[in-house]
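K.L.:
My structure is stored as structure20.pdb, with PDB, C-alpha atoms (C1' of nucleotides).
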ATOM      1  CA  MET A   1     -14.703 -19.568  -9.551
ATOM      2  CA  ALA A   2     -14.468 -21.408  -6.240
ATOM      3  CA  PHE A   3     -11.177 -20.805  -4.536
ATOM      4  CA  ARG A   4      -9.053 -23.189  -2.557
ATOM      5  CA  HIS A   5      -8.929 -22.187   1.081
ATOM      6  CA  PRO A   6      -6.840 -23.943   3.710
ATOM      7  CA  ASP A   7      -8.744 -25.778   6.426
ATOM      8  CA  ARG A   8      -8.538 -24.336   9.888
ATOM      9  CA  ASP A   9      -5.957 -26.955  10.808
ATOM     10  CA  GLN A  10      -3.832 -26.181   7.803
ATOM     11  CA  ILE A  11      -3.327 -22.573   8.793
ATOM     12  CA  ARG A  12       0.267 -21.837   9.818
ATOM     13  CA  ILE A  13       1.153 -18.852  11.949
ATOM     14  CA  GLU A  14       4.207 -18.211   9.859
ATOM     15  CA  ASP A  15       2.016 -17.714   6.794
ATOM     16  CA  VAL A  16      -0.429 -15.544   8.691
ATOM     17  CA  LEU A  17       2.334 -13.294   9.974
ATOM     18  CA  SER A  18       4.022 -12.872   6.618
ATOM     19  CA  ALA A  19       0.639 -12.221   5.013
ATOM     20  CA  LEU A  20      -0.057  -9.490   7.547
ATOM     21  CA  GLY A  21       3.488  -8.160   7.400
ATOM     22  CA  ASN A  22       2.515  -5.969   4.503
ATOM     23  CA  GLY A  23       0.870  -2.592   4.733
ATOM     24  CA  VAL A  24      -1.713  -3.131   2.050
ATOM     25  CA  ARG A  25      -2.826  -6.499   3.341
ATOM     26  CA  LEU A  26      -2.869  -5.330   6.942
ATOM     27  CA  ALA A  27      -5.041  -2.414   5.850
ATOM     28  CA  VAL A  28      -7.361  -4.841   4.078
ATOM     29  CA  VAL A  29      -7.786  -6.882   7.231
ATOM     30  CA  ARG A  30      -8.522  -3.750   9.210
ATOM     31  CA  VAL A  31     -11.220  -2.805   6.735
ATOM     32  CA  LEU A  32     -12.743  -6.277   6.854
ATOM     33  CA  ASP A  33     -12.601  -6.296  10.647
ATOM     34  CA  VAL A  34     -15.037  -3.413  11.037
ATOM     35  CA  GLY A  35     -17.629  -5.716   9.520
ATOM     36  CA  GLY A  36     -20.194  -5.249   6.807
ATOM     37  CA  GLU A  37     -20.175  -6.738   3.363
ATOM     38  CA  HIS A  38     -17.187  -6.173   1.211
ATOM     39  CA  ASN A  39     -16.337  -7.041  -2.322
ATOM     40  CA  CYS A  40     -12.988  -6.477  -3.953
ATOM     41  CA  THR A  41     -13.658  -3.072  -5.456
ATOM     42  CA  SER A  42     -15.222  -1.732  -2.289
ATOM     43  CA  VAL A  43     -12.054  -2.533  -0.367
ATOM     44  CA  LEU A  44      -9.961  -1.255  -3.230
ATOM     45  CA  ASN A  45     -11.848   2.025  -3.134
ATOM     46  CA  THR A  46     -11.616   2.274   0.636
ATOM     47  CA  LEU A  47      -7.847   1.931   0.434
ATOM     48  CA  GLY A  48      -7.818   4.514  -2.320
ATOM     49  CA  ILE A  49      -5.305   3.034  -4.658
ATOM     50  CA  THR A  50      -3.844   0.106  -6.526
ATOM     51  CA  ALA A  51      -4.802  -1.730  -9.656
ATOM     52  CA  LYS A  52      -7.230  -4.620  -9.690
ATOM     53  CA  SER A  53      -4.583  -7.096 -10.715
ATOM     54  CA  THR A  54      -2.434  -6.043  -7.795
ATOM     55  CA  MET A  55      -5.272  -6.682  -5.393
ATOM     56  CA  THR A  56      -5.959 -10.064  -6.951
ATOM     57  CA  HIS A  57      -2.438 -10.932  -5.893
ATOM     58  CA  HIS A  58      -3.056  -9.769  -2.331
ATOM     59  CA  TRP A  59      -6.359 -11.659  -2.149
ATOM     60  CA  ARG A  60      -4.522 -14.802  -3.042
ATOM     61  CA  VAL A  61      -1.922 -14.313  -0.331
ATOM     62  CA  LEU A  62      -4.555 -13.582   2.293
ATOM     63  CA  ARG A  63      -6.650 -16.526   1.118
ATOM     64  CA  ASP A  64      -3.783 -19.013   0.950
ATOM     65  CA  SER A  65      -2.588 -18.045   4.400
ATOM     66  CA  GLY A  66      -6.073 -18.594   5.814
ATOM     67  CA  VAL A  67      -6.778 -15.002   6.795
ATOM     68  CA  ILE A  68      -9.831 -14.396   4.620
ATOM     69  CA  TRP A  69     -12.624 -16.212   2.888
ATOM     70  CA  GLN A  70     -13.279 -15.229  -0.662
ATOM     71  CA  GLN A  71     -16.670 -16.377  -1.879
ATOM     72  CA  PRO A  72     -18.038 -15.730  -5.360
ATOM     73  CA  SER A  73     -21.526 -14.329  -5.214
ATOM     74  CA  GLY A  74     -23.099 -13.353  -8.468
ATOM     75  CA  ARG A  75     -20.585 -11.282 -10.335
ATOM     76  CA  GLU A  76     -18.886 -10.195  -7.146
ATOM     77  CA  ASN A  77     -16.471 -11.769  -4.699
ATOM     78  CA  LEU A  78     -17.445 -11.451  -1.097
ATOM     79  CA  LEU A  79     -14.562 -11.008   1.289
ATOM     80  CA  VAL A  80     -14.814 -12.106   4.894
ATOM     81  CA  LEU A  81     -12.228 -12.173   7.656
ATOM     82  CA  ARG A  82     -11.799 -15.703   9.064
ATOM     83  CA  ARG A  83     -11.950 -14.414  12.604
ATOM     84  CA  GLU A  84     -13.453 -17.543  14.112
ATOM     85  CA  ASP A  85     -10.785 -19.792  12.674
ATOM     86  CA  LEU A  86      -7.956 -17.456  13.551
ATOM     87  CA  ASP A  87      -9.253 -16.936  17.087
ATOM     88  CA  ALA A  88      -9.591 -20.678  17.524
ATOM     89  CA  ARG A  89      -6.086 -21.404  16.322
ATOM     90  CA  TYR A  90      -4.358 -18.333  17.735
ATOM     91  CA  PRO A  91      -6.338 -16.832  20.599
ATOM     92  CA  GLY A  92      -5.706 -13.140  20.957
ATOM     93  CA  LEU A  93      -3.470 -12.883  17.940
ATOM     94  CA  LEU A  94      -5.811 -11.042  15.624
ATOM     95  CA  ASP A  95      -6.945  -8.641  18.322
ATOM     96  CA  ALA A  96      -3.363  -7.922  19.307
ATOM     97  CA  ILE A  97      -2.429  -7.237  15.708
ATOM     98  CA  LEU A  98      -5.439  -5.076  14.955
ATOM     99  CA  SER A  99      -5.146  -2.972  18.072
ATOM    100  CA  GLY A 100      -1.413  -2.789  17.463
ATOM    101  CA  ALA A 101      -2.055  -1.419  14.004
ATOM    102  CA  ARG A 102      -4.425   1.147  15.438
ATOM    103  CA  ALA A 103      -1.830   2.088  18.033
ATOM    104  CA  ASP A 104       0.771   2.570  15.313
ATOM    105  CA  ASP A 105      -1.619   4.841  13.462
ATOM    106  CA  ALA A 106      -2.322   6.932  16.515
ATOM    107  CA  LEU A 107       1.355   7.222  17.348
ATOM    108  CA  GLN A 108       2.244   8.220  13.825
ATOM    109  CA  ARG A 109      -0.463  10.857  13.768
ATOM    110  CA  ARG A 110       0.837  12.291  17.028
ATOM    111  CA  GLU A 111       4.339  12.379  15.618
ATOM    112  CA  ARG A 112       3.251  14.167  12.486
ATOM    113  CA  ALA A 113       1.274  16.651  14.527
ATOM    114  CA  GLY A 114       4.282  17.179  16.785
ATOM    115  CA  SER A 115       6.741  17.727  13.984
ATOM    116  CA  ALA A 116       4.327  20.051  12.203
ATOM    117  CA  ALA A 117       4.008  22.263  15.288
TER
ATOM    118  CA  MET B   1      30.459  -2.580  16.700
ATOM    119  CA  ALA B   2      27.368  -0.969  18.215
ATOM    120  CA  PHE B   3      24.235  -1.588  16.212
ATOM    121  CA  ARG B   4      21.433   0.794  15.438
ATOM    122  CA  HIS B   5      18.244  -0.291  17.133
ATOM    123  CA  PRO B   6      14.899   1.432  16.685
ATOM    124  CA  ASP B   7      13.476   3.160  19.733
ATOM    125  CA  ARG B   8      10.398   1.645  21.244
ATOM    126  CA  ASP B   9       8.286   4.291  19.537
ATOM    127  CA  GLN B  10       9.836   3.596  16.182
ATOM    128  CA  ILE B  11       8.754  -0.017  16.130
ATOM    129  CA  ARG B  12       6.087  -0.726  13.524
ATOM    130  CA  ILE B  13       3.842  -3.737  13.752
ATOM    131  CA  GLU B  14       4.124  -4.283  10.037
ATOM    132  CA  ASP B  15       7.870  -4.751  10.403
ATOM    133  CA  VAL B  16       7.486  -7.019  13.411
ATOM    134  CA  LEU B  17       5.020  -9.229  11.597
ATOM    135  CA  SER B  18       7.094  -9.556   8.467
ATOM    136  CA  ALA B  19      10.177 -10.221  10.585
ATOM    137  CA  LEU B  20       8.368 -13.021  12.393
ATOM    138  CA  GLY B  21       6.716 -14.276   9.231
ATOM    139  CA  ASN B  22       9.754 -16.420   8.539
ATOM    140  CA  GLY B  23      10.431 -19.818  10.001
ATOM    141  CA  VAL B  24      14.042 -19.265  10.891
ATOM    142  CA  ARG B  25      13.434 -15.948  12.600
ATOM    143  CA  LEU B  26      10.367 -17.210  14.405
ATOM    144  CA  ALA B  27      12.441 -20.120  15.675
ATOM    145  CA  VAL B  28      15.113 -17.699  16.846
ATOM    146  CA  VAL B  29      12.568 -15.738  18.839
ATOM    147  CA  ARG B  30      11.260 -18.928  20.387
ATOM    148  CA  VAL B  31      14.767 -19.857  21.455
ATOM    149  CA  LEU B  32      15.391 -16.412  22.923
ATOM    150  CA  ASP B  33      12.045 -16.468  24.711
ATOM    151  CA  VAL B  34      12.946 -19.375  26.948
ATOM    152  CA  GLY B  35      15.538 -17.097  28.502
ATOM    153  CA  GLY B  36      19.167 -17.559  29.304
ATOM    154  CA  GLU B  37      22.127 -15.984  27.609
ATOM    155  CA  HIS B  38      22.496 -16.443  23.911
ATOM    156  CA  ASN B  39      25.099 -15.476  21.420
ATOM    157  CA  CYS B  40      24.853 -15.937  17.701
ATOM    158  CA  THR B  41      26.508 -19.326  17.426
ATOM    159  CA  SER B  42      24.587 -20.763  20.358
ATOM    160  CA  VAL B  43      21.318 -19.968  18.613
ATOM    161  CA  LEU B  44      22.765 -21.150  15.338
ATOM    162  CA  ASN B  45      23.659 -24.455  16.920
ATOM    163  CA  THR B  46      20.295 -24.778  18.605
ATOM    164  CA  LEU B  47      18.580 -24.389  15.249
ATOM    165  CA  GLY B  48      20.991 -26.881  13.807
ATOM    166  CA  ILE B  49      21.707 -25.334  10.454
ATOM    167  CA  THR B  50      22.556 -22.349   8.324
ATOM    168  CA  ALA B  51      25.700 -20.433   7.625
ATOM    169  CA  LYS B  52      26.906 -17.597   9.798
ATOM    170  CA  SER B  53      26.408 -15.019   7.090
ATOM    171  CA  THR B  54      22.823 -16.137   6.661
ATOM    172  CA  MET B  55      22.187 -15.598  10.339
ATOM    173  CA  THR B  56      23.836 -12.190  10.240
ATOM    174  CA  HIS B  57      21.170 -11.283   7.740
ATOM    175  CA  HIS B  58      18.394 -12.538  10.017
ATOM    176  CA  TRP B  59      19.858 -10.712  13.017
ATOM    177  CA  ARG B  60      19.662  -7.526  11.064
ATOM    178  CA  VAL B  61      16.017  -8.057  10.159
ATOM    179  CA  LEU B  62      15.095  -8.884  13.752
ATOM    180  CA  ARG B  63      17.117  -5.939  15.024
ATOM    181  CA  ASP B  64      15.786  -3.410  12.536
ATOM    182  CA  SER B  65      12.224  -4.429  13.218
ATOM    183  CA  GLY B  66      12.750  -3.965  16.950
ATOM    184  CA  VAL B  67      12.300  -7.582  17.964
ATOM    185  CA  ILE B  68      15.729  -8.185  19.497
ATOM    186  CA  TRP B  69      18.592  -6.371  21.088
ATOM    187  CA  GLN B  70      22.028  -7.283  19.850
ATOM    188  CA  GLN B  71      24.791  -6.166  22.194
ATOM    189  CA  PRO B  72      28.483  -6.770  21.586
ATOM    190  CA  SER B  73      30.161  -8.223  24.623
ATOM    191  CA  GLY B  74      33.743  -9.189  24.299
ATOM    192  CA  ARG B  75      34.117 -11.156  21.170
ATOM    193  CA  GLU B  76      30.513 -12.277  21.261
ATOM    194  CA  ASN B  77      27.175 -10.718  20.459
ATOM    195  CA  LEU B  78      24.559 -11.137  23.123
ATOM    196  CA  LEU B  79      21.041 -11.576  21.818
ATOM    197  CA  VAL B  80      18.034 -10.559  23.879
ATOM    198  CA  LEU B  81      14.350 -10.516  23.041
ATOM    199  CA  ARG B  82      12.865  -7.032  23.441
ATOM    200  CA  ARG B  83       9.901  -8.407  25.320
ATOM    201  CA  GLU B  84       9.312  -5.334  27.446
ATOM    202  CA  ASP B  85       9.184  -3.005  24.475
ATOM    203  CA  LEU B  86       7.031  -5.314  22.420
ATOM    204  CA  ASP B  87       4.643  -5.941  25.291
ATOM    205  CA  ALA B  88       4.383  -2.214  25.892
ATOM    206  CA  ARG B  89       3.653  -1.399  22.284
ATOM    207  CA  TYR B  90       1.610  -4.476  21.413
ATOM    208  CA  PRO B  91       0.141  -6.077  24.531
ATOM    209  CA  GLY B  92      -0.445  -9.763  24.066
ATOM    210  CA  LEU B  93       1.053  -9.929  20.615
ATOM    211  CA  LEU B  94       4.251 -11.747  21.436
ATOM    212  CA  ASP B  95       2.519 -14.229  23.708
ATOM    213  CA  ALA B  96      -0.120 -14.921  21.088
ATOM    214  CA  ILE B  97       2.542 -15.502  18.451
ATOM    215  CA  LEU B  98       4.724 -17.699  20.634
ATOM    216  CA  SER B  99       1.900 -19.880  21.885
ATOM    217  CA  GLY B 100       0.574 -19.972  18.343
ATOM    218  CA  ALA B 101       3.904 -21.263  17.123
ATOM    219  CA  ARG B 102       3.891 -23.907  19.833
ATOM    220  CA  ALA B 103       0.360 -24.864  18.857
ATOM    221  CA  ASP B 104       1.426 -25.252  15.244
ATOM    222  CA  ASP B 105       4.253 -27.510  16.335
ATOM    223  CA  ALA B 106       1.980 -29.679  18.424
ATOM    224  CA  LEU B 107      -0.562 -29.937  15.653
ATOM    225  CA  GLN B 108       2.066 -30.818  13.094
ATOM    226  CA  ARG B 109       3.499 -33.503  15.348
ATOM    227  CA  ARG B 110       0.030 -34.984  15.824
ATOM    228  CA  GLU B 111      -0.501 -34.982  12.073
ATOM    229  CA  ARG B 112       2.793 -36.711  11.414
ATOM    230  CA  ALA B 113       2.040 -39.285  14.108
ATOM    231  CA  GLY B 114      -1.432 -39.810  12.656
ATOM    232  CA  SER B 115      -0.247 -40.266   9.075
ATOM    233  CA  ALA B 116       2.522 -42.594  10.242
ATOM    234  CA  ALA B 117       0.058 -44.832  12.078
TER
ATOM    235  C1'  DG C   1      52.440 -11.725  18.796
ATOM    236  C1'  DC C   2      49.985 -15.833  17.208
ATOM    237  C1'  DG C   3      46.289 -18.689  16.629
ATOM    238  C1'  DA C   4      41.536 -19.829  17.723
ATOM    239  C1'  DC C   5      37.174 -17.935  17.919
ATOM    240  C1'  DT C   6      33.029 -14.810  17.000
ATOM    241  C1'  DG C   7      30.579 -12.500  13.954
ATOM    242  C1'  DT C   8      30.353  -8.930  10.107
ATOM    243  C1'  DT C   9      30.890  -7.387   5.337
ATOM    244  C1'  DC C  10      30.829  -8.149   0.597
ATOM    245  C1'  DG C  11      29.555 -10.262  -3.605
ATOM    246  C1'  DA C  12      26.835 -13.540  -5.962
ATOM    247  C1'  DC C  13      22.767 -16.102  -7.087
ATOM    248  C1'  DA C  14      18.025 -17.990  -7.686
ATOM    249  C1'  DA C  15      13.490 -17.222  -6.073
ATOM    250  C1'  DT C  16       9.875 -14.528  -4.717
ATOM    251  C1'  DC C  17       7.378 -10.131  -4.131
ATOM    252  C1'  DG C  18       4.804  -6.147  -5.274
ATOM    253  C1'  DC C  19       2.991  -3.670  -8.849
ATOM    254  C1'  DG C  20       0.753  -2.634 -13.131
ATOM    255  C1'  DG C  21      -1.294  -3.390 -17.999
ATOM    256  C1'  DT C  22      -3.824  -6.022 -21.083
ATOM    257  C1'  DA C  23      -6.809  -9.499 -22.135
ATOM    258  C1'  DC C  24     -10.374 -12.478 -20.874
ATOM    259  C1'  DA C  25     -14.301 -14.908 -18.326
ATOM    260  C1'  DG C  26     -18.534 -14.912 -15.728
ATOM    261  C1'  DT C  27     -22.724 -12.437 -14.181
ATOM    262  C1'  DG C  28     -26.585  -9.252 -14.336
ATOM    263  C1'  DC C  29     -29.491  -6.074 -16.620
ATOM    264  C1'  DA C  30     -32.011  -3.842 -20.274
TER
ATOM    265  C1'  DT D   1     -28.481 -10.392 -27.458
ATOM    266  C1'  DG D   2     -25.591  -6.951 -26.337
ATOM    267  C1'  DC D   3     -23.412  -4.197 -22.875
ATOM    268  C1'  DA D   4     -21.684  -2.835 -18.421
ATOM    269  C1'  DC D   5     -19.491  -4.567 -14.465
ATOM    270  C1'  DT D   6     -16.546  -7.490 -11.356
ATOM    271  C1'  DG D   7     -12.649  -9.798 -10.836
ATOM    272  C1'  DT D   8      -9.079 -13.262 -12.542
ATOM    273  C1'  DA D   9      -5.148 -14.866 -15.590
ATOM    274  C1'  DC D  10      -1.125 -14.011 -17.720
ATOM    275  C1'  DC D  11       3.055 -11.485 -18.739
ATOM    276  C1'  DG D  12       6.625  -8.498 -17.628
ATOM    277  C1'  DC D  13       9.328  -5.520 -14.697
ATOM    278  C1'  DG D  14      12.361  -3.876 -10.934
ATOM    279  C1'  DA D  15      13.215  -4.651  -6.108
ATOM    280  C1'  DT D  16      13.714  -7.433  -2.291
ATOM    281  C1'  DT D  17      14.600 -11.861   0.062
ATOM    282  C1'  DG D  18      16.990 -15.930   1.559
ATOM    283  C1'  DT D  19      20.992 -18.403   1.021
ATOM    284  C1'  DC D  20      25.828 -19.210   0.775
ATOM    285  C1'  DG D  21      31.154 -18.780   0.421
ATOM    286  C1'  DA D  22      35.159 -16.034   1.023
ATOM    287  C1'  DA D  23      37.485 -12.509   3.171
ATOM    288  C1'  DC D  24      38.035  -9.505   6.932
ATOM    289  C1'  DA D  25      37.938  -7.369  11.861
ATOM    290  C1'  DG D  26      37.790  -7.506  16.788
ATOM    291  C1'  DT D  27      38.770 -10.244  21.102
ATOM    292  C1'  DC D  28      40.610 -13.691  24.125
ATOM    293  C1'  DG D  29      44.167 -16.818  25.891
ATOM    294  C1'  DC D  30      48.621 -18.697  25.661
TER
END
Could you rewrite the structure in this file as structure tokens?
P.N.:
Amino acid sequence: MAFRHPDRDQIRIEDVLSALGNGVRLAVVRVLDVGGEHNCTSVLNTLGITAKSTMTHHWRVLRDSGVIWQQPSGRENLLVLRREDLDARYPGLLDAILSGARADDALQRRERAGSAA
Amino acid sequence: MAFRHPDRDQIRIEDVLSALGNGVRLAVVRVLDVGGEHNCTSVLNTLGITAKSTMTHHWRVLRDSGVIWQQPSGRENLLVLRREDLDARYPGLLDAILSGARADDALQRRERAGSAA
DNA sequence: GCGACTGTTCGACAATCGCGGTACAGTGCA
DNA sequence: TGCACTGTACCGCGATTGTCGAACAGTCGC
């Protein structure tokens, strides 16, 4: 299919932030960050939910904002985090976001455990 | 008036990112980051545009997401960036975003200068 | 108290978002 | 060649967003 991706220089932090300011898409990036090969359904299954057409929408947002590469390969679409480009344009941003997301998770788990006790 | 602000522990990175994933609000944060006292109209004037009611909406988003404090003082509303809280919860995030925004600006200026030449 | 000033609230509006269903297109395999 | 599989395209839906104008509320200074 060959998708249009923004060049590294065309990435705008505003777009990156609004792309990642969504739980589903942030979760996608966290999945992609751990590495390994991912196609759309594998991520979809990892996240547990959502229809294919919904994810197609999220892929587009992540792609257009320059957060991921989406490369057709056979009948699949390989998904890759554009870490190099993002790190080059915004040093430390991705790491801060990802570890922030992990911190939120940990805090929320502690809260749930606390309120359950 | 006394606004409801989230505690430091109630801040969610998802909310912060979507709050900052908007040009106007990102610009507000950049203005607040340089320091000094700011009330609503001073920021409004610095940004040049937009109606008061529009900004009231943006204040709410920034406030609810935990990015700014908004404290009534006399007939004004003092606006302060919650840098300490954000740095504590998400080390490096704010700096990465702010320098990223500056980098975008610089790059865009270079592009405009290049296309004009 | 009156007027100027600051900022909120409310209502409206178009645009976009997030989500899903259905249909379709491309690929691989038997 | 036919079928299973992967993912997109298109359409529709309700909810949210960004914007604004008008009206209101609190505060300061005269």
K.L.:
Enter the distance from atom C1' of DC28 of chain D to atom CA of Asn39 of chain B, in Å, rounded to one decimal.
P.N.:
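Going from atom C1' of DC28 of chain D over to atom CA of Asn39 of chain B covers 15.8 Å.
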K.L.:
As JSON, please report the centre and edge lengths, rounded to one decimal in Å, of the axis-aligned box that holds all listed atoms of segment 3-12 of chain C with 4 Å of padding on each of the six sides.
P.N.:
{"center_x": 36.6, "center_y": -13.6, "center_z": 6.0, "size_x": 27.5, "size_y": 20.4, "size_z": 31.9}
K.L.:
Report as an NGL selection string the residues that result from applying the PyMOL selection byres ((chain D and resi 6-22) around 7) to the structure here.
P.N.:
(:A and (75-76)) or (:B and (51 or 54)) or (:D and (5 or 23))
K.L.:
Using 9 Å as the limit and counting all atoms listed in the file, can you tabulate each residue of chain B that touches chain C, with its shortest atom-to-atom distance in Å and the two atoms involved, as a Markdown table?
P.N.:
| residue | atom | partner | partner_atom | distance |
| --- | --- | --- | --- | --- |
| B:Cys40 | CA | C:DG7 | C1' | 7.7 |
| B:Thr41 | CA | C:DT6 | C1' | 7.9 |
| B:Lys52 | CA | C:DG7 | C1' | 7.5 |
| B:Ser53 | CA | C:DT8 | C1' | 7.9 |
| B:Thr56 | CA | C:DT8 | C1' | 7.3 |
| B:Arg75 | CA | C:DT6 | C1' | 5.7 |
| B:Glu76 | CA | C:DT6 | C1' | 5.6 |
| B:Asn77 | CA | C:DG7 | C1' | 7.6 |
K.L.:
Could you work out how far atom C1' of DA4 of chain D lies from atom CA of Val80 of chain A, giving the answer in Å with one decimal?
P.N.:
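Atom C1' of DA4 of chain D lies 26.0 Å from atom CA of Val80 of chain A.
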K.L.:
Mind giving me the straight-line distance from atom CA of Ala101 of chain B to atom CA of Leu107 of chain A in Å, one decimal?
P.N.:
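Computed distance, atom CA of Ala101 of chain B to atom CA of Leu107 of chain A, equals 28.6 Å.
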K.L.:
Please build the interface table for chain A against chain B with a cut-off of 8 Å, listing for each qualifying residue the nearest atom pair and the distance in Å to one decimal; count all atoms listed in the file, order rows by chain and increasing number, and write it as JSON lines.
P.N.:
{"residue": "A:Asp9", "atom": "CA", "partner": "B:Leu107", "partner_atom": "CA", "distance": 7.8}
{"residue": "A:Arg12", "atom": "CA", "partner": "B:Asp104", "partner_atom": "CA", "distance": 6.5}
{"residue": "A:Ile13", "atom": "CA", "partner": "B:Ala101", "partner_atom": "CA", "distance": 6.3}
{"residue": "A:Glu14", "atom": "CA", "partner": "B:Gly21", "partner_atom": "CA", "distance": 4.7}
{"residue": "A:Asp15", "atom": "CA", "partner": "B:Gly21", "partner_atom": "CA", "distance": 6.3}
{"residue": "A:Val16", "atom": "CA", "partner": "B:Gly21", "partner_atom": "CA", "distance": 7.3}
{"residue": "A:Leu17", "atom": "CA", "partner": "B:Gly21", "partner_atom": "CA", "distance": 4.6}
{"residue": "A:Ser18", "atom": "CA", "partner": "B:Gly21", "partner_atom": "CA", "distance": 4.0}
{"residue": "A:Ala19", "atom": "CA", "partner": "B:Gly21", "partner_atom": "CA", "distance": 7.7}
{"residue": "A:Leu20", "atom": "CA", "partner": "B:Leu17", "partner_atom": "CA", "distance": 6.5}
{"residue": "A:Gly21", "atom": "CA", "partner": "B:Ser18", "partner_atom": "CA", "distance": 4.0}
{"residue": "A:Asn22", "atom": "CA", "partner": "B:Glu14", "partner_atom": "CA", "distance": 6.0}
{"residue": "A:Gly23", "atom": "CA", "partner": "B:Glu14", "partner_atom": "CA", "distance": 6.4}
{"residue": "A:Leu26", "atom": "CA", "partner": "B:Glu14", "partner_atom": "CA", "distance": 7.7}
{"residue": "A:Arg89", "atom": "CA", "partner": "B:Gly100", "partner_atom": "CA", "distance": 7.1}
{"residue": "A:Tyr90", "atom": "CA", "partner": "B:Gly100", "partner_atom": "CA", "distance": 5.2}
{"residue": "A:Pro91", "atom": "CA", "partner": "B:Ala96", "partner_atom": "CA", "distance": 6.5}
{"residue": "A:Gly92", "atom": "CA", "partner": "B:Ala96", "partner_atom": "CA", "distance": 5.9}
{"residue": "A:Leu93", "atom": "CA", "partner": "B:Ala96", "partner_atom": "CA", "distance": 5.0}
{"residue": "A:Ala96", "atom": "CA", "partner": "B:Leu93", "partner_atom": "CA", "distance": 5.0}
{"residue": "A:Ile97", "atom": "CA", "partner": "B:Leu93", "partner_atom": "CA", "distance": 6.6}
{"residue": "A:Ser99", "atom": "CA", "partner": "B:Tyr90", "partner_atom": "CA", "distance": 7.7}
{"residue": "A:Gly100", "atom": "CA", "partner": "B:Tyr90", "partner_atom": "CA", "distance": 5.3}
{"residue": "A:Ala101", "atom": "CA", "partner": "B:Ile13", "partner_atom": "CA", "distance": 6.3}
{"residue": "A:Ala103", "atom": "CA", "partner": "B:Arg89", "partner_atom": "CA", "distance": 7.8}
{"residue": "A:Asp104", "atom": "CA", "partner": "B:Arg12", "partner_atom": "CA", "distance": 6.5}
{"residue": "A:Leu107", "atom": "CA", "partner": "B:Asp9", "partner_atom": "CA", "distance": 7.8}
K.L.:
Expand the PyMOL selection byres ((chain B and resi 4) around 9) into the explicit residue set it covers here, and present it as a compact mmCIF listing (two decimals) with C-alpha atoms, keeping the file's coordinate frame.
P.N.:
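Dumped everything to selection_34.txt:
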# COMPACT_ATOMS: atom_id res chain seq x y z
CA ALA B 2 27.37 -0.97 18.22
CA PHE B 3 24.24 -1.59 16.21
CA HIS B 5 18.24 -0.29 17.13
CA PRO B 6 14.90 1.43 16.68
CA ARG B 63 17.12 -5.94 15.02
CA ASP B 64 15.79 -3.41 12.54
K.L.:
Would you pick out the contacts of Leu79 of chain B at 10 Å or less, using only C-alpha atoms (C1' of nucleotides), so that residues sharing its chain but fewer than 6 positions from it are not included, and give the list as a list in words?
P.N.:
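Once the adjacent positions are removed, what remains is Val28, Val29, Leu32, Gly36, Glu37, His38, Asn39, Cys40, Ser42, Val43, Trp59, Arg63, Ile68, Trp69, Gln70, Gln71 and Pro72 of chain B.
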